[in-house]
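This report refers to the structure that appears directly beneath it.
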Amino acid sequence: MSKFTDEEKAQLKKYVTDTDGDIFAVTNLPGIVGAVYARYSRAQGGFRETLLKEFIKDGNIDVVKAGDLIERVLIAFGDDSVGELEGTHVSFENMSILATKEIEDRRIGGSPIEQSTRYVFYDRKGDDGAYRYYRDAKIMASKHAGAYVETMDFIFATYCELVEPMKAYYMGLKPIDEASYDVVGDGVKRHLAELTDEKRKKAFSMTYASDIRTKACDALRALLPIATLTNVGVYGNGRFFQNVLSHCHSSPIDEVRDIAAKSQAELAKIIPRYVQRAKPNPYVMATRTNVATLASVLFAGIAASSSDEVELLDRGAAAILASAADGGLRPDALERAILDEEDDLVMALMLYPHLAHPLHQVRAAVRGLSKEKKALVRDAYLGDRKTRRDRPGRALEAGYPYTFDLVTDFGTYKDLERHRMMTQSRQRFTPTLGFNMPEDLVRAGFSEQAQACVAKAVALYEALRQEFPEAASYATLHGSRVRWTMGINDRALMHMIELRTTPQGHPSYRRICAMMHDAVTARSAWRGAAMKFADHSAYESARGDSEAKQRVKEAALETKG
């Protein structure tokens with residue numbers, strides 16, 4: 001016999017998928033379900049009993065009691081885990097691509113999905129007739145406003161003017177009559193003329209159009225500045241959003257702080273108790289400033305050395321041996337040398353985001369610092385922690401089996417930095433490290449137009465960087481090279497490399513991941529071999545093949561319906 005009366009079942013069925021079984025889903029309790037679970041964790045009854053007994057009053061949810069409980073748990077007991085039981089979706093729209101990274105970098109507890117520059121053309125103007133890029137208020141109020149608008153307009157106009165010519169270029173390489181796709185789903189690629197069924201002909205034409213469009217998007221996205229306005233949808237739990245908001249409130253970027261204020265106001269309508277503590281973090285802001293200042297002093301007059309696109313940092317064996325030799329190579333001296341090398345890498349990672357130097361150079365410089373100066377680096381990074389919530393940054397996550405220092409185009413960075421099981425740290429985005437020119441733009445005869453965009457972006461950045469060091473980054477293009485580091489373990493690297501070298505992947509990140517795989521294999525053959533699905537092959541129509549598979553799946557759904 002059911003433990004609930006018919007009246008209780010009637011009240012419960014709105015909130016649970018099964019009023020009798022031991023396994024059920026919870027629904028229609030936005031902003032409250034976390035409170036019920038918090039109470040349920042300390043009650044004898046189950047979720048439904050707790051909901052009925054303590055949260056339903058006169059047949060309706062007692063919102064006041066729920067809010068009071070969350071307040072008591074979060075504030076009085078500091079039980080942040082309750083925030084992980086409540087989640088919601090938020091759309092961040094018409095924000096710059098630069099700003100999206102500040103949200104997507106918060107890797108735990110949230111799942112973002114961003115409008116894709118690989119599938120969407122950014123050639124539409126806004127309702128005001130202007131190109132869709134972010135206009136920083138301070139820049140627009142400065143003497144640089146005219147140059148900013150002129151540069152961005154030029155870049156967007158060039159991008160828009162090349163959309164149809166690039167589509168025509170790809171259509172010339174593969175006319176529709178010569179294209180072949182497996183739209184039947186039997187493993188055989190067919191030409192359009194070989195199809196007789198009208199639905200399959202339509203599927204073929206859709207696949208071809210998508211194939212051409214995505215190829216053009218892939219080539220032209222290199223020209224898009226990271227000031228481009230885009231959209232991001234995020235599902236996250238309460239703790240995630242509190243961390244995101246606190247991070248964004250503390251950002252040196254004006255746009256990001258504005259996003260924090262607006263999104264907190266909206267989240268307060270759904271999960272108010274979970275985001276009410278989000279605010280600017282003086283500790284984070286102070287340590288960032290102090291480390292940046294110290295980095296500029298320590299590296300004053302030191303030019304950045306050259307580096308490869310993909311550099312797998314060595315374990316510091318030479319430095320360890322040299323240091324241990326001073327102690328007669330005794331086990332205790334060797335152990336001390338290993339620990340010192342580990343410390344030097346951590347301190348190098350502390351300084352790295354505030355410099356323009358490759359990681360191997362930063363580490364070498366740190367090795368040469370006196371004990372006193374190393375202490376200054378550590379003290380500046382750790383700062384004056386007032387509470388346990390004043391948490392130092394990700395340099396303290398050092399110690400992965402692999403530490404990569406990467407110089408990739410921004411588009412590749414954007415596609416790879418989202419992997420959760422790793423630690424990534426970046427230097428300031430800038431168009432001054434060079435530009436990865438897409439080969440197809442060269443072959444199509446449009447490299448001159450692309451280079452003109454690059455030159456204007458660099459000139460704008462140089463004009464802005466002294467007065468607006470953060471906002472100057474808006475001039476960075478997707479094809480601009482950026483420097484960043486990645487710490488990662490074998491399992492996570494296997495996932496990333498095997499995923500990002502699939503045939504339909506963007507050529508730029510497929511190439512970088514293949515180079516990372518080569519570096520791993522050179523260090524450990526069996527580890528490289530374990531990543532057995534890493535695909536180093538070159539493909540011409542992989543995106544088209546993927547689209548064809550989609551048409552087959554769509555046809556199956558129609559048949560099923």
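In the structure tokens, each chain is lettered A, B, ... as it comes, each chain's residues begin at 1, and ligands are numbered from 1 in order of appearance.
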- Query: So which residues touch region 13-21 of chain A within 12 Å, counting only C-alpha atoms, skipping near sequence neighbours fewer than 3 positions away, as number ranges by chain?
  - Reply: A: 1-10, 24-30, 32-33, 36, 46-49, 51-52, 55-56, 59-61
Kindly save the residues from that selection, with C-alpha atoms included, as a short mmCIF file (atom, residue, chain, number, x, y, z; two decimals), in the first residue's frame.
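Okay, this is what ended up in out16.cif:
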```cif
data_model
loop_
_atom_site.label_atom_id
_atom_site.label_comp_id
_atom_site.auth_asym_id
_atom_site.auth_seq_id
_atom_site.Cartn_x
_atom_site.Cartn_y
_atom_site.Cartn_z
CA MET A 1 0.00 0.00 0.00
CA SER A 2 1.23 3.47 -0.82
CA LYS A 3 2.56 5.50 2.07
CA PHE A 4 0.85 8.63 0.70
CA THR A 5 -2.84 9.44 0.75
CA ASP A 6 -4.66 10.34 -2.45
CA GLU A 7 -4.65 13.98 -1.34
CA GLU A 8 -0.90 13.90 -0.72
CA LYS A 9 -0.31 12.25 -4.09
CA ALA A 10 -2.30 14.98 -5.75
CA PHE A 24 11.90 9.54 -9.25
CA ALA A 25 12.85 12.84 -10.80
CA VAL A 26 12.09 16.25 -9.32
CA THR A 27 10.41 18.97 -11.34
CA ASN A 28 8.73 22.37 -11.00
CA LEU A 29 10.79 23.44 -8.00
CA PRO A 30 13.09 26.15 -9.39
CA ILE A 32 13.71 25.54 -3.97
CA VAL A 33 14.80 21.98 -4.67
CA VAL A 36 14.38 20.51 0.25
CA GLY A 46 12.54 10.79 2.16
CA PHE A 47 12.37 13.72 -0.22
CA ARG A 48 8.61 13.48 -0.72
CA GLU A 49 7.90 13.24 2.99
CA LEU A 51 8.50 18.20 0.86
CA LEU A 52 5.02 17.50 2.20
CA PHE A 55 7.59 22.89 2.39
CA ILE A 56 3.98 22.53 1.30
CA GLY A 59 -1.40 22.77 -0.87
CA ASN A 60 1.30 25.18 -2.11
CA ILE A 61 5.05 25.54 -1.74
#
```
Any chance you could tabulate, as JSON lines, the residues of region 56-145 of chain A at most 10 Å from region 267-285 of chain A with each one's nearest atom pair and distance in Å to one decimal, using only C-alpha atoms, in chain and rising number order?
```
{"residue": "A:Ala66", "atom": "CA", "partner": "A:Arg273", "partner_atom": "CA", "distance": 9.9}
{"residue": "A:Gly67", "atom": "CA", "partner": "A:Arg273", "partner_atom": "CA", "distance": 7.0}
{"residue": "A:Asp68", "atom": "CA", "partner": "A:Arg273", "partner_atom": "CA", "distance": 9.0}
{"residue": "A:Leu69", "atom": "CA", "partner": "A:Arg273", "partner_atom": "CA", "distance": 9.7}
{"residue": "A:Ile70", "atom": "CA", "partner": "A:Arg273", "partner_atom": "CA", "distance": 6.4}
{"residue": "A:Glu71", "atom": "CA", "partner": "A:Arg273", "partner_atom": "CA", "distance": 6.3}
{"residue": "A:Arg72", "atom": "CA", "partner": "A:Arg273", "partner_atom": "CA", "distance": 10.0}
{"residue": "A:Leu74", "atom": "CA", "partner": "A:Tyr274", "partner_atom": "CA", "distance": 7.9}
{"residue": "A:Ile75", "atom": "CA", "partner": "A:Arg277", "partner_atom": "CA", "distance": 9.1}
{"residue": "A:Asp80", "atom": "CA", "partner": "A:Tyr274", "partner_atom": "CA", "distance": 8.8}
{"residue": "A:Val82", "atom": "CA", "partner": "A:Tyr274", "partner_atom": "CA", "distance": 8.7}
{"residue": "A:Gly83", "atom": "CA", "partner": "A:Tyr274", "partner_atom": "CA", "distance": 6.0}
{"residue": "A:Glu84", "atom": "CA", "partner": "A:Tyr274", "partner_atom": "CA", "distance": 9.3}
{"residue": "A:Glu86", "atom": "CA", "partner": "A:Ile271", "partner_atom": "CA", "distance": 7.6}
{"residue": "A:Gly87", "atom": "CA", "partner": "A:Ile271", "partner_atom": "CA", "distance": 7.8}
{"residue": "A:Thr88", "atom": "CA", "partner": "A:Ile270", "partner_atom": "CA", "distance": 7.7}
{"residue": "A:His89", "atom": "CA", "partner": "A:Leu267", "partner_atom": "CA", "distance": 9.2}
{"residue": "A:Val90", "atom": "CA", "partner": "A:Leu267", "partner_atom": "CA", "distance": 7.9}
```
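These are the residues of region 223-270 of chain A assigned strand (DSSP E or B) by DSSP from backbone coordinates: Pro225, Thr228, Leu229, Thr230, Asn231, Val232, Gly233, Val234, Tyr235, Gly236 and Asn237 of chain A.
With only C-alpha atoms as the atoms that count, the residue of A:Cys453, A:Glu198, A:Asn94, A:Thr289 with the shortest distance to Asp153 (chain A) is A:Cys453.
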- Query: Using only C-alpha atoms, which residue out of A:Val63, A:Arg330, A:Leu85, A:Leu477 lies closest to Ala38 (chain A)?
  - Reply: A:Leu85
- Who sits within 8 Å of region 393-398 of chain A, only C-alpha atoms, same chain under 3 positions skipped, as a ChimeraX atom specification: /A:345-347,349-350,381,423,425,487
- Item | helix (DSSP H, G or I) positions in region 16-86 of chain A, given as a ChimeraX atom specification | /A:33-40,47-55,63-76,80-85
- Note on the structure: Of A:Ser508, A:Arg418, A:Thr50, A:Phe241, the one nearest to Glu266 (chain A) when counting only C-alpha atoms is A:Phe241
- Which neighbours of region 456-470 of chain A fall inside 7 Å, counting only C-alpha atoms, when residues of the same chain fewer than 2 positions from it are skipped, and could you give them as a PyMOL selection string? chain A and resi 148+151+253+431-432+452-454+472-473+475-476
- Item | Long-range neighbours of region 96-112 of chain A as a PyMOL selection string, 7 Å cut-off, only C-alpha atoms, 5 positions minimum in chain | chain A and resi 133-134+226-230+232-237+240+244+248+256+418+420+474
Those residues you just picked out, can you put them in a file as a PDB file, in the first residue's frame with N, CA and C atoms?
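What follows is the written file again-v1.pdb:
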```
ATOM      1  N   TYR A 133      29.801  44.398 -33.117  1.00  0.00           N
ATOM      2  CA  TYR A 133      30.992  44.224 -32.307  1.00  0.00           C
ATOM      3  C   TYR A 133      30.872  45.114 -31.077  1.00  0.00           C
ATOM      4  N   TYR A 134      31.605  44.739 -30.021  1.00  0.00           N
ATOM      5  CA  TYR A 134      31.498  45.453 -28.752  1.00  0.00           C
ATOM      6  C   TYR A 134      32.216  46.794 -28.835  1.00  0.00           C
ATOM      7  N   ILE A 226      37.886  39.483 -31.632  1.00  0.00           N
ATOM      8  CA  ILE A 226      37.211  38.934 -30.460  1.00  0.00           C
ATOM      9  C   ILE A 226      36.306  39.978 -29.799  1.00  0.00           C
ATOM     10  N   ALA A 227      36.177  41.140 -30.438  1.00  0.00           N
ATOM     11  CA  ALA A 227      35.144  42.112 -30.053  1.00  0.00           C
ATOM     12  C   ALA A 227      33.789  41.713 -30.626  1.00  0.00           C
ATOM     13  N   THR A 228      33.773  40.732 -31.529  1.00  0.00           N
ATOM     14  CA  THR A 228      32.535  40.280 -32.164  1.00  0.00           C
ATOM     15  C   THR A 228      31.502  39.894 -31.108  1.00  0.00           C
ATOM     16  N   LEU A 229      30.262  40.337 -31.304  1.00  0.00           N
ATOM     17  CA  LEU A 229      29.190  40.007 -30.369  1.00  0.00           C
ATOM     18  C   LEU A 229      28.665  38.605 -30.649  1.00  0.00           C
ATOM     19  N   THR A 230      28.459  37.846 -29.597  1.00  0.00           N
ATOM     20  CA  THR A 230      28.010  36.467 -29.735  1.00  0.00           C
ATOM     21  C   THR A 230      27.058  36.130 -28.601  1.00  0.00           C
ATOM     22  N   VAL A 232      26.014  33.032 -25.577  1.00  0.00           N
ATOM     23  CA  VAL A 232      26.411  31.835 -24.838  1.00  0.00           C
ATOM     24  C   VAL A 232      25.255  31.406 -23.944  1.00  0.00           C
ATOM     25  N   GLY A 233      24.901  30.140 -24.027  1.00  0.00           N
ATOM     26  CA  GLY A 233      23.925  29.569 -23.106  1.00  0.00           C
ATOM     27  C   GLY A 233      24.656  28.731 -22.075  1.00  0.00           C
ATOM     28  N   VAL A 234      24.276  28.866 -20.810  1.00  0.00           N
ATOM     29  CA  VAL A 234      24.971  28.155 -19.743  1.00  0.00           C
ATOM     30  C   VAL A 234      23.964  27.493 -18.814  1.00  0.00           C
ATOM     31  N   TYR A 235      24.200  26.229 -18.518  1.00  0.00           N
ATOM     32  CA  TYR A 235      23.498  25.597 -17.401  1.00  0.00           C
ATOM     33  C   TYR A 235      24.513  25.439 -16.279  1.00  0.00           C
ATOM     34  N   GLY A 236      24.145  25.881 -15.090  1.00  0.00           N
ATOM     35  CA  GLY A 236      25.069  25.754 -13.978  1.00  0.00           C
ATOM     36  C   GLY A 236      24.336  25.622 -12.659  1.00  0.00           C
ATOM     37  N   ASN A 237      25.069  25.145 -11.661  1.00  0.00           N
ATOM     38  CA  ASN A 237      24.476  25.068 -10.331  1.00  0.00           C
ATOM     39  C   ASN A 237      24.747  26.357  -9.568  1.00  0.00           C
ATOM     40  N   PHE A 240      28.389  27.282  -8.894  1.00  0.00           N
ATOM     41  CA  PHE A 240      29.043  27.712 -10.132  1.00  0.00           C
ATOM     42  C   PHE A 240      28.734  29.173 -10.423  1.00  0.00           C
ATOM     43  N   VAL A 244      31.205  32.328 -10.737  1.00  0.00           N
ATOM     44  CA  VAL A 244      31.284  33.105 -11.974  1.00  0.00           C
ATOM     45  C   VAL A 244      31.052  34.587 -11.692  1.00  0.00           C
ATOM     46  N   CYS A 248      33.654  37.593 -12.233  1.00  0.00           N
ATOM     47  CA  CYS A 248      33.360  38.674 -13.178  1.00  0.00           C
ATOM     48  C   CYS A 248      33.277  40.030 -12.485  1.00  0.00           C
ATOM     49  N   VAL A 256      32.963  42.876 -18.617  1.00  0.00           N
ATOM     50  CA  VAL A 256      32.739  41.686 -17.787  1.00  0.00           C
ATOM     51  C   VAL A 256      32.098  42.077 -16.459  1.00  0.00           C
ATOM     52  N   ARG A 418      38.208  24.763 -23.405  1.00  0.00           N
ATOM     53  CA  ARG A 418      36.986  24.411 -22.670  1.00  0.00           C
ATOM     54  C   ARG A 418      37.041  23.033 -22.018  1.00  0.00           C
ATOM     55  N   ARG A 420      37.516  20.275 -19.500  1.00  0.00           N
ATOM     56  CA  ARG A 420      37.431  20.504 -18.060  1.00  0.00           C
ATOM     57  C   ARG A 420      38.585  19.910 -17.265  1.00  0.00           C
ATOM     58  N   TYR A 474      40.435  43.632 -27.515  1.00  0.00           N
ATOM     59  CA  TYR A 474      39.312  43.475 -28.440  1.00  0.00           C
ATOM     60  C   TYR A 474      39.788  43.457 -29.894  1.00  0.00           C
TER      61      TYR A 474
END
```
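Note that CA of Thr287 (chain A) and CA of Gly383 (chain A) are 5.6 Å apart.
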Give me the residues of region 327-369 of chain A that have any atom at most 7 Å from an atom of region 303-320 of chain A; for each, the nearest atom pair and the distance in Å, rounded to one decimal. Use only C-alpha atoms, sort by chain and number, and format it as CSV.
```
residue,atom,partner,partner_atom,distance
A:Ala337,CA,A:Ile320,CA,5.1
A:Ile338,CA,A:Ile320,CA,5.8
A:Glu341,CA,A:Ile320,CA,6.6
A:Ala356,CA,A:Ala304,CA,6.4
A:His357,CA,A:Ala304,CA,4.5
A:Pro358,CA,A:Ser307,CA,6.5
A:His360,CA,A:Leu313,CA,6.9
```
Set out as JSON lines a contact list for region 156-267 of chain A and region 403-411 of chain A with a cut-off of 12 Å, giving each residue of region 156-267 of chain A that qualifies its closest atom pair and distance in Å to one decimal, counting only C-alpha atoms, ordered by chain and rising residue number.
```
{"residue": "A:Cys217", "atom": "CA", "partner": "A:Gly411", "partner_atom": "CA", "distance": 11.8}
{"residue": "A:Asp218", "atom": "CA", "partner": "A:Gly411", "partner_atom": "CA", "distance": 9.6}
{"residue": "A:Ala219", "atom": "CA", "partner": "A:Gly411", "partner_atom": "CA", "distance": 10.9}
{"residue": "A:Leu220", "atom": "CA", "partner": "A:Gly411", "partner_atom": "CA", "distance": 11.1}
{"residue": "A:Arg221", "atom": "CA", "partner": "A:Gly411", "partner_atom": "CA", "distance": 7.9}
{"residue": "A:Ala222", "atom": "CA", "partner": "A:Gly411", "partner_atom": "CA", "distance": 7.2}
{"residue": "A:Leu223", "atom": "CA", "partner": "A:Gly411", "partner_atom": "CA", "distance": 10.2}
{"residue": "A:Leu224", "atom": "CA", "partner": "A:Gly411", "partner_atom": "CA", "distance": 9.5}
{"residue": "A:Pro225", "atom": "CA", "partner": "A:Phe410", "partner_atom": "CA", "distance": 9.6}
{"residue": "A:Ile226", "atom": "CA", "partner": "A:Phe410", "partner_atom": "CA", "distance": 8.6}
```
Could those selected residues go to a file with N, CA, C and O atoms, as a PDB file, in the first residue's frame?
```
ATOM      1  N   CYS A 217      33.045  29.438 -43.550  1.00  0.00           N
ATOM      2  CA  CYS A 217      33.106  29.902 -42.158  1.00  0.00           C
ATOM      3  C   CYS A 217      34.467  29.594 -41.550  1.00  0.00           C
ATOM      4  O   CYS A 217      35.061  30.445 -40.861  1.00  0.00           O
ATOM      5  N   ASP A 218      34.954  28.385 -41.768  1.00  0.00           N
ATOM      6  CA  ASP A 218      36.236  27.983 -41.209  1.00  0.00           C
ATOM      7  C   ASP A 218      37.367  28.889 -41.669  1.00  0.00           C
ATOM      8  O   ASP A 218      38.252  29.251 -40.885  1.00  0.00           O
ATOM      9  N   ALA A 219      37.361  29.235 -42.938  1.00  0.00           N
ATOM     10  CA  ALA A 219      38.433  30.083 -43.473  1.00  0.00           C
ATOM     11  C   ALA A 219      38.300  31.525 -43.000  1.00  0.00           C
ATOM     12  O   ALA A 219      39.284  32.156 -42.598  1.00  0.00           O
ATOM     13  N   LEU A 220      37.096  32.041 -43.024  1.00  0.00           N
ATOM     14  CA  LEU A 220      36.897  33.469 -42.751  1.00  0.00           C
ATOM     15  C   LEU A 220      36.883  33.821 -41.275  1.00  0.00           C
ATOM     16  O   LEU A 220      37.078  34.986 -40.907  1.00  0.00           O
ATOM     17  N   ARG A 221      36.660  32.845 -40.410  1.00  0.00           N
ATOM     18  CA  ARG A 221      36.613  33.200 -38.987  1.00  0.00           C
ATOM     19  C   ARG A 221      37.951  33.742 -38.500  1.00  0.00           C
ATOM     20  O   ARG A 221      38.014  34.428 -37.484  1.00  0.00           O
ATOM     21  N   ALA A 222      39.027  33.458 -39.220  1.00  0.00           N
ATOM     22  CA  ALA A 222      40.338  33.987 -38.834  1.00  0.00           C
ATOM     23  C   ALA A 222      40.331  35.516 -38.787  1.00  0.00           C
ATOM     24  O   ALA A 222      41.118  36.120 -38.049  1.00  0.00           O
ATOM     25  N   LEU A 223      39.438  36.133 -39.559  1.00  0.00           N
ATOM     26  CA  LEU A 223      39.384  37.597 -39.613  1.00  0.00           C
ATOM     27  C   LEU A 223      38.511  38.209 -38.526  1.00  0.00           C
ATOM     28  O   LEU A 223      38.568  39.427 -38.306  1.00  0.00           O
ATOM     29  N   LEU A 224      37.707  37.427 -37.867  1.00  0.00           N
ATOM     30  CA  LEU A 224      36.792  37.982 -36.875  1.00  0.00           C
ATOM     31  C   LEU A 224      37.550  38.448 -35.634  1.00  0.00           C
ATOM     32  O   LEU A 224      38.300  37.674 -35.032  1.00  0.00           O
ATOM     33  N   PRO A 225      37.348  39.687 -35.214  1.00  0.00           N
ATOM     34  CA  PRO A 225      37.959  40.141 -33.959  1.00  0.00           C
ATOM     35  C   PRO A 225      37.216  39.561 -32.765  1.00  0.00           C
ATOM     36  O   PRO A 225      36.039  39.198 -32.869  1.00  0.00           O
ATOM     37  N   ILE A 226      37.886  39.483 -31.632  1.00  0.00           N
ATOM     38  CA  ILE A 226      37.211  38.934 -30.460  1.00  0.00           C
ATOM     39  C   ILE A 226      36.306  39.978 -29.799  1.00  0.00           C
ATOM     40  O   ILE A 226      35.696  39.697 -28.768  1.00  0.00           O
TER      41      ILE A 226
END
```
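Between Ala333 (chain A) and the residues A:Cys160, A:Ala145, A:Leu321, A:Ile488, the shortest atom-to-atom distance, using only C-alpha atoms, involves A:Leu321.
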